[in-house]
Amino acid sequence: MSIQGYFDYNATTPVCSEAINAFVNAAKAFANPSSKYALVKPVGAFLSEARESLCKLVGCATDELFFTSGGTESNNWALKGVFLREFTAAPGESAHIIISALEHSSILEVVRYLERTFHCEVSRLNPDNEGIISAESVLAALRPNTRVVSIMLANNEVGSIQPICDISRVLRDRNIHFHVDGVQAVGKIKVDAHMLGMDTLSFSGHKFYGPKGCGGLYIRRGVTLEPLIHGGGQERGYRGGTEAVAMIVSMGAAAKLASEQLDENLQRFAQYSDLLRKQLTQKVPTVVFNGPKNLSMQVPNTLSICIPGIRAEALAAILDNLNGIQVSLGSACSNNKTMSLSHVLLSMGLTDEEVKSTLRVSVGLYTQEEDIKFFTDAVANAVSILNRISKPVSEDHVLTT
Amino acid sequence: MFNDIIVRNFSNPTHAAELVQSTNTIELGNPVCGDRIKVQLNIQDGLILQAAYAAWGCATSLATGNVFCQKIQGTSVADVCNLSKEEIDKMLGDLEPAQHHCLEMLHNLFAKLQQTFHA
Ligand SMILES: Cc1ncc(COP(=O)(O)O)c(C=O)c1O
């Protein structure tokens, strides 16, 4: 698979060779980590080393980190785990949950489930037009029965970075659980769980060059969660199931690399982002960039691009089939009757037409500087094809069938 | 994912053009996803000499306009009117559920052409 055209690193990343080698190595150490004989020793050592690498990447202690099957499980665990704990402690009380409207479906759908099944009250906070949730808006939404707040650290579509530290400060001493979906941040920007001050933080290996189906949850010391998966006492009794040793070790190798290269990558991606903005503005002058104006509040690998008048779905199809370039979209036709539009972009106040004209570009470890030119040239070419096809059609020509 | 017919037609839309001389125009829109197609025709003595289109919409709808023009250009209106539903169904190849609205558009284009002729 060629990766010169891969501009969708937020969807997933290629597995780095360090992670592949670590996987193969660890897979050979087959003993069950729960067994008691000497054969287990190297397996235990593998797992400890991986745990340490992840703790370094997340900024926490080893007793605060738990391995899971990925970001979705971690988010499910954090929200359901708190809720079940609260529910047992105070049956009959209706709990209030605050989330942002920007969250990933692995938060949105869990909350919808809690709302449906346990009749909790839910506030969904809209961000400002740059995709930022302020600590003030969280403060204003608090109710006496607020039990959980869940705000993502970095958004997957526009890359906006939320003021987690400020929100933690607002929630501290109020006995409200603060969960942070860190899936799009861990491995990409500096994350220090202790400094950020949340209670739980989720991460996922495949977003930082590790394997898919492997991730984890940071649980601050002193915070208790009901397990999501009850079982054989693995992960200190908090997450049942024989450890996915090779996957965890592989993710550990990726985490080690991510820690080592973080500063260098941040610089490189900021430079790519700058090049992308400059070249696109030059080649497609109508282009607009969604997301934070203050670039220090955006993950530098992510760029949300709106080209007014162009249907992004058609643009992406041309990029894919003509140039072998992969990007993500803010919208898609889902069937004859509906069109699905990005809830993230809508919550930022974009119009339906703007959402239909938006695509997401995300770069990563294997993006080279010359790929940026390849990409922006291809976009300019695709835009001219689409303009040629659409030229004589205007809004006036719309006739409903 | 797009099938080969769709890819070929949206990446090389041979009939995307504006006719200086046209005798008939067919226009269509899909109110849900906002796809729009306008087809211009040059019909002389019941023969479609030229068909050109403009479109704004998803990749499959752009391809649909081209498939339609390619099929009818050089054909008599009478032959076009005789195309069966099954024949039209096959023109876009296998579609995913999200692309099915374009087959509906294609049928509507043929229906409008027939109406134009019979009017
Ligand atoms: C913000 C965010 N949260 C959670 C997830 C889910 O993670 P996983 O794919 O590991 O289940 C994703 C993945 O796309 C994400 O972008």
# chains A, B, ... in the order shown; residues from 1 in each chain; ligands from 1
$ residues_around --residues "Ile325 of chain A" --least-positions-apart "4" --cutoff "8 Å" --atoms "only C-alpha atoms" --output "list of chain:residue names"
A:Gln4, A:Gly5, A:Tyr6, A:Phe7, A:Ala316, A:Leu319, A:Asp320, A:Asn321, A:Phe375
$ residues_near_ligand --ligand "ligand 1" --cutoff "6 Å" --atoms "only C-alpha atoms and all ligand atoms" --output "PyMOL selection string"
chain A and resi 11+70-72+104+106+155-156+181+183-184+204
$ closest_atom_pairs --of "chain B" --to "chain A" --cutoff "8 Å" --atoms "only C-alpha atoms" --output "Markdown table"
| residue | atom | partner | partner_atom | distance |
| --- | --- | --- | --- | --- |
| B:Val7 | CA | A:Asn321 | CA | 6.9 |
| B:Phe10 | CA | A:Ile318 | CA | 7.6 |
| B:Ser11 | CA | A:Ile318 | CA | 6.2 |
| B:Pro13 | CA | A:Ile389 | CA | 7.6 |
| B:Ala16 | CA | A:Ile389 | CA | 5.2 |
| B:Ala17 | CA | A:Ile389 | CA | 7.0 |
| B:Glu18 | CA | A:Pro392 | CA | 7.0 |
| B:Glu27 | CA | A:Leu399 | CA | 6.6 |
| B:Leu28 | CA | A:Leu399 | CA | 5.4 |
| B:Gly29 | CA | A:Thr400 | CA | 5.0 |
| B:Asn30 | CA | A:Thr400 | CA | 6.1 |
| B:Pro31 | CA | A:Thr400 | CA | 5.9 |
| B:Val32 | CA | A:Thr338 | CA | 6.1 |
| B:Cys33 | CA | A:Met339 | CA | 5.7 |
| B:Arg36 | CA | A:Val398 | CA | 6.2 |
| B:Ile37 | CA | A:Val393 | CA | 7.4 |
| B:Lys38 | CA | A:Val393 | CA | 6.6 |
| B:Tyr53 | CA | A:Ile389 | CA | 7.6 |
| B:Ala54 | CA | A:Ser390 | CA | 5.0 |
| B:Ala55 | CA | A:Ser390 | CA | 4.7 |
| B:Trp56 | CA | A:Ser390 | CA | 5.1 |
| B:Gly57 | CA | A:Arg311 | CA | 6.0 |
| B:Cys58 | CA | A:Ala314 | CA | 4.9 |
| B:Ala59 | CA | A:Ala314 | CA | 4.2 |
| B:Thr60 | CA | A:Ala314 | CA | 7.9 |
| B:Leu62 | CA | A:Ile389 | CA | 7.7 |
| B:Pro97 | CA | A:Asn335 | CA | 5.8 |
| B:Ala98 | CA | A:Asn335 | CA | 4.3 |
| B:Gln99 | CA | A:Asn335 | CA | 7.0 |
| B:His100 | CA | A:Asn336 | CA | 6.4 |
| B:His101 | CA | A:Asn336 | CA | 4.7 |
| B:Asn108 | CA | A:Thr401 | CA | 7.9 |
$ write_last_selection --atoms "N, CA and C atoms" --output "short mmCIF file (atom, residue, chain, number, x, y, z; two decimals), in the first residue's frame"
data_model
loop_
_atom_site.label_atom_id
_atom_site.label_comp_id
_atom_site.auth_asym_id
_atom_site.auth_seq_id
_atom_site.Cartn_x
_atom_site.Cartn_y
_atom_site.Cartn_z
N VAL B 7 -16.57 5.55 -11.67
CA VAL B 7 -15.24 6.19 -11.64
C VAL B 7 -14.90 6.76 -13.02
N PHE B 10 -17.09 9.94 -13.76
CA PHE B 10 -16.90 11.22 -13.07
C PHE B 10 -15.49 11.75 -13.21
N SER B 11 -14.53 10.84 -13.47
CA SER B 11 -13.17 11.38 -13.60
C SER B 11 -12.87 11.82 -15.03
N PRO B 13 -15.49 13.19 -17.53
CA PRO B 13 -16.86 13.46 -17.97
C PRO B 13 -16.87 14.06 -19.38
N ALA B 16 -19.48 16.80 -20.24
CA ALA B 16 -19.66 18.00 -19.42
C ALA B 16 -19.32 19.21 -20.27
N ALA B 17 -20.34 19.90 -20.72
CA ALA B 17 -20.12 21.04 -21.60
C ALA B 17 -21.40 21.85 -21.70
N GLU B 18 -21.28 23.00 -22.36
CA GLU B 18 -22.48 23.78 -22.59
C GLU B 18 -22.69 23.87 -24.10
N GLU B 27 -33.95 19.50 -16.68
CA GLU B 27 -33.31 19.82 -15.41
C GLU B 27 -33.91 19.01 -14.28
N LEU B 28 -33.05 18.64 -13.34
CA LEU B 28 -33.46 17.79 -12.23
C LEU B 28 -32.75 18.23 -10.96
N GLY B 29 -33.40 18.01 -9.84
CA GLY B 29 -32.73 18.26 -8.57
C GLY B 29 -33.15 17.23 -7.56
N ASN B 30 -32.28 16.97 -6.60
CA ASN B 30 -32.65 16.09 -5.49
C ASN B 30 -32.69 16.96 -4.24
N PRO B 31 -33.89 17.20 -3.73
CA PRO B 31 -34.01 18.16 -2.64
C PRO B 31 -33.26 17.74 -1.38
N VAL B 32 -33.03 16.44 -1.19
CA VAL B 32 -32.39 16.00 0.05
C VAL B 32 -30.88 16.27 0.03
N CYS B 33 -30.20 15.73 -0.97
CA CYS B 33 -28.75 15.91 -0.94
C CYS B 33 -28.31 17.09 -1.82
N ARG B 36 -27.84 18.40 -8.43
CA ARG B 36 -28.55 19.06 -9.53
C ARG B 36 -27.92 18.65 -10.86
N ILE B 37 -28.78 18.41 -11.84
CA ILE B 37 -28.29 18.07 -13.18
C ILE B 37 -29.08 18.89 -14.21
N LYS B 38 -28.34 19.41 -15.18
CA LYS B 38 -29.01 20.08 -16.30
C LYS B 38 -28.45 19.48 -17.58
N TYR B 53 -24.07 18.05 -20.50
CA TYR B 53 -24.68 18.26 -19.19
C TYR B 53 -23.78 19.09 -18.28
N ALA B 54 -24.42 19.59 -17.25
CA ALA B 54 -23.71 20.24 -16.16
C ALA B 54 -24.32 19.66 -14.89
N ALA B 55 -23.51 19.50 -13.85
CA ALA B 55 -24.04 18.92 -12.61
C ALA B 55 -23.31 19.45 -11.40
N TRP B 56 -24.02 19.49 -10.31
CA TRP B 56 -23.43 19.83 -9.03
C TRP B 56 -23.94 18.79 -8.07
N GLY B 57 -23.02 18.02 -7.47
CA GLY B 57 -23.51 17.00 -6.55
C GLY B 57 -22.43 15.99 -6.22
N CYS B 58 -22.86 14.86 -5.72
CA CYS B 58 -21.90 13.83 -5.32
C CYS B 58 -21.30 13.20 -6.58
N ALA B 59 -20.22 12.47 -6.41
CA ALA B 59 -19.49 11.91 -7.54
C ALA B 59 -20.39 11.03 -8.41
N THR B 60 -21.26 10.25 -7.76
CA THR B 60 -22.12 9.36 -8.53
C THR B 60 -23.11 10.15 -9.38
N LEU B 62 -22.55 13.10 -10.66
CA LEU B 62 -21.78 13.67 -11.77
C LEU B 62 -21.60 12.61 -12.86
N PRO B 97 -25.96 1.44 -1.23
CA PRO B 97 -27.24 2.08 -0.83
C PRO B 97 -27.17 3.62 -0.91
N ALA B 98 -26.03 4.19 -0.51
CA ALA B 98 -25.92 5.65 -0.50
C ALA B 98 -25.89 6.24 -1.91
N GLN B 99 -25.70 5.37 -2.92
CA GLN B 99 -25.62 5.88 -4.30
C GLN B 99 -26.92 5.67 -5.07
N HIS B 100 -27.88 4.98 -4.44
CA HIS B 100 -29.11 4.61 -5.15
C HIS B 100 -29.94 5.79 -5.62
N HIS B 101 -29.80 6.92 -4.93
CA HIS B 101 -30.60 8.07 -5.35
C HIS B 101 -30.20 8.51 -6.76
N ASN B 108 -35.40 9.43 -13.75
CA ASN B 108 -36.11 10.70 -13.90
C ASN B 108 -35.66 11.45 -15.16
#
$ atom_distance --atom1 "atom CA of Ser150 of chain A" --atom2 "atom CA of Ser100 of chain A"
7.1 Å
$ closest_residue --among "A:Gly187, A:Gly232, A:Gly215, A:Gly324" --to "Gly59 of chain A" --atoms "only C-alpha atoms"
A:Gly187
$ residues_around --residues "Leu196 of chain A" --least-positions-apart "4" --cutoff "9 Å" --atoms "only C-alpha atoms" --output "list in words"
Ile164, Cys165, Asp166, Ser168, Val191 and Asp192 of chain A
$ residues_around --residues "Leu359 of chain A" --least-positions-apart "3" --cutoff "6 Å" --atoms "only C-alpha atoms" --output "PyMOL selection string"
chain A and resi 304-305+312+328-330
$ write_last_selection --atoms "C-alpha atoms" --output "PDB file, in the first residue's frame"
ATOM      1  CA  SER A 304     -10.395  21.175   8.091  1.00  0.00           C
ATOM      2  CA  ILE A 305     -10.808  22.657   4.637  1.00  0.00           C
ATOM      3  CA  ALA A 312     -16.394  17.709  -0.961  1.00  0.00           C
ATOM      4  CA  SER A 328     -12.151  12.328   5.179  1.00  0.00           C
ATOM      5  CA  LEU A 329     -15.454  14.105   4.660  1.00  0.00           C
ATOM      6  CA  GLY A 330     -17.826  16.224   6.686  1.00  0.00           C
TER       7      GLY A 330
END
$ residues_around --residues "His107 of chain B" --least-positions-apart "3" --cutoff "8 Å" --atoms "only C-alpha atoms" --output "count of residues only"
6
$ residues_around --residues "Asn290 of chain A" --least-positions-apart "3" --cutoff "9 Å" --atoms "only C-alpha atoms" --output "list in words"
Asn129, Glu130, Gly131, Val158, Lys293, Leu303, Ser304, Ile305, Cys306, Leu345, Leu350 and Thr358 of chain A
$ select_by_dssp --residues "chain B" --states "alpha helix (DSSP H)" --output "number ranges by chain"
B: 4-11, 59-72, 77-81, 85-90, 100-118
$ write_last_selection --atoms "C-alpha atoms" --output "PDB file, in the first residue's frame"
ATOM      1  CA  ASP B   4     -15.684   1.255 -12.562  1.00  0.00           C
ATOM      2  CA  ILE B   5     -18.544   2.782 -14.549  1.00  0.00           C
ATOM      3  CA  ILE B   6     -18.985   5.523 -11.967  1.00  0.00           C
ATOM      4  CA  VAL B   7     -15.237   6.191 -11.639  1.00  0.00           C
ATOM      5  CA  ARG B   8     -14.744   6.374 -15.405  1.00  0.00           C
ATOM      6  CA  ASN B   9     -17.617   8.766 -15.866  1.00  0.00           C
ATOM      7  CA  PHE B  10     -16.905  11.224 -13.069  1.00  0.00           C
ATOM      8  CA  SER B  11     -13.165  11.377 -13.602  1.00  0.00           C
ATOM      9  CA  ALA B  59     -19.490  11.907  -7.544  1.00  0.00           C
ATOM     10  CA  THR B  60     -22.124   9.359  -8.530  1.00  0.00           C
ATOM     11  CA  SER B  61     -24.531  12.066  -9.653  1.00  0.00           C
ATOM     12  CA  LEU B  62     -21.780  13.666 -11.771  1.00  0.00           C
ATOM     13  CA  ALA B  63     -21.189  10.284 -13.380  1.00  0.00           C
ATOM     14  CA  THR B  64     -24.924   9.795 -13.887  1.00  0.00           C
ATOM     15  CA  GLY B  65     -25.164  12.898 -16.060  1.00  0.00           C
ATOM     16  CA  ASN B  66     -22.378  11.640 -18.265  1.00  0.00           C
ATOM     17  CA  VAL B  67     -23.784   8.113 -18.540  1.00  0.00           C
ATOM     18  CA  PHE B  68     -27.132   9.571 -19.602  1.00  0.00           C
ATOM     19  CA  CYS B  69     -25.624  11.833 -22.292  1.00  0.00           C
ATOM     20  CA  GLN B  70     -23.378   9.099 -23.623  1.00  0.00           C
ATOM     21  CA  LYS B  71     -26.322   6.726 -23.913  1.00  0.00           C
ATOM     22  CA  ILE B  72     -28.630   9.083 -25.772  1.00  0.00           C
ATOM     23  CA  VAL B  77     -35.738   9.816 -29.368  1.00  0.00           C
ATOM     24  CA  ALA B  78     -38.004   6.913 -30.239  1.00  0.00           C
ATOM     25  CA  ASP B  79     -35.284   4.388 -29.332  1.00  0.00           C
ATOM     26  CA  VAL B  80     -34.596   6.168 -26.071  1.00  0.00           C
ATOM     27  CA  CYS B  81     -38.285   6.044 -25.236  1.00  0.00           C
ATOM     28  CA  LYS B  85     -36.631  -0.146 -16.836  1.00  0.00           C
ATOM     29  CA  GLU B  86     -34.268  -3.121 -16.628  1.00  0.00           C
ATOM     30  CA  GLU B  87     -31.940  -1.648 -19.240  1.00  0.00           C
ATOM     31  CA  ILE B  88     -31.794   1.672 -17.405  1.00  0.00           C
ATOM     32  CA  ASP B  89     -31.241  -0.117 -14.071  1.00  0.00           C
ATOM     33  CA  LYS B  90     -28.046  -1.671 -15.430  1.00  0.00           C
ATOM     34  CA  HIS B 100     -29.105   4.609  -5.154  1.00  0.00           C
ATOM     35  CA  HIS B 101     -30.599   8.071  -5.348  1.00  0.00           C
ATOM     36  CA  CYS B 102     -28.570   8.514  -8.548  1.00  0.00           C
ATOM     37  CA  LEU B 103     -30.343   5.610 -10.243  1.00  0.00           C
ATOM     38  CA  GLU B 104     -33.562   7.377  -9.353  1.00  0.00           C
ATOM     39  CA  MET B 105     -32.134  10.516 -10.965  1.00  0.00           C
ATOM     40  CA  LEU B 106     -31.230   8.556 -14.087  1.00  0.00           C
ATOM     41  CA  HIS B 107     -34.765   7.181 -14.374  1.00  0.00           C
ATOM     42  CA  ASN B 108     -36.111  10.698 -13.903  1.00  0.00           C
ATOM     43  CA  LEU B 109     -33.849  11.996 -16.676  1.00  0.00           C
ATOM     44  CA  PHE B 110     -35.235   9.394 -19.089  1.00  0.00           C
ATOM     45  CA  ALA B 111     -38.787  10.133 -17.933  1.00  0.00           C
ATOM     46  CA  LYS B 112     -38.295  13.862 -18.497  1.00  0.00           C
ATOM     47  CA  LEU B 113     -36.871  13.232 -21.945  1.00  0.00           C
ATOM     48  CA  GLN B 114     -39.931  11.167 -22.829  1.00  0.00           C
ATOM     49  CA  GLN B 115     -42.231  13.879 -21.505  1.00  0.00           C
ATOM     50  CA  THR B 116     -40.389  16.478 -23.580  1.00  0.00           C
ATOM     51  CA  PHE B 117     -40.850  14.425 -26.671  1.00  0.00           C
ATOM     52  CA  HIS B 118     -44.493  13.619 -26.111  1.00  0.00           C
TER      53      HIS B 118
END
$ residues_around --residues "Leu295 of chain A" --least-positions-apart "2" --cutoff "10 Å" --atoms "only C-alpha atoms" --output "PDB file with C-alpha atoms, in the first residue's frame"
ATOM      1  CA  GLY A 159      -8.292  19.410  15.682  1.00  0.00           C
ATOM      2  CA  SER A 160      -9.449  21.949  18.268  1.00  0.00           C
ATOM      3  CA  ILE A 161      -7.791  21.455  21.670  1.00  0.00           C
ATOM      4  CA  ALA A 270       3.102  22.673  12.147  1.00  0.00           C
ATOM      5  CA  SER A 273       0.056  22.773   8.160  1.00  0.00           C
ATOM      6  CA  ASP A 274       1.531  26.133   7.251  1.00  0.00           C
ATOM      7  CA  GLY A 291     -11.226  25.521  13.419  1.00  0.00           C
ATOM      8  CA  PRO A 292      -9.209  27.610  15.865  1.00  0.00           C
ATOM      9  CA  LYS A 293      -7.672  30.839  14.567  1.00  0.00           C
ATOM     10  CA  MET A 297      -5.226  25.532  20.119  1.00  0.00           C
ATOM     11  CA  GLN A 298      -5.214  23.104  17.193  1.00  0.00           C
ATOM     12  CA  VAL A 299      -3.484  19.746  16.780  1.00  0.00           C
ATOM     13  CA  PRO A 300      -1.036  20.689  14.011  1.00  0.00           C
TER      14      PRO A 300
END
$ closest_residue --among "B:Asn3, B:Asn42, B:Ser84, B:Ser76" --to "Asn24 of chain B" --atoms "only C-alpha atoms"
B:Asn42
$ select_by_dssp --residues "segment 142-246 of chain A" --states "strand (DSSP E or B)" --output "VMD selection string"
chain A and resid 146 to 150 154 160 to 161 177 to 181 186 189 200 to 204 215 to 219
$ atom_distance --atom1 "atom CA of Met348 of chain A" --atom2 "atom CA of Glu157 of chain A"
11.4 Å
$ closest_residue --among "B:Thr14, B:Leu49, B:Phe2, B:Leu41" --to "Leu95 of chain B" --atoms "only C-alpha atoms"
B:Phe2
$ atom_distance --atom1 "atom CA of Arg277 of chain A" --atom2 "atom CA of Lys188 of chain A"
19.9 Å
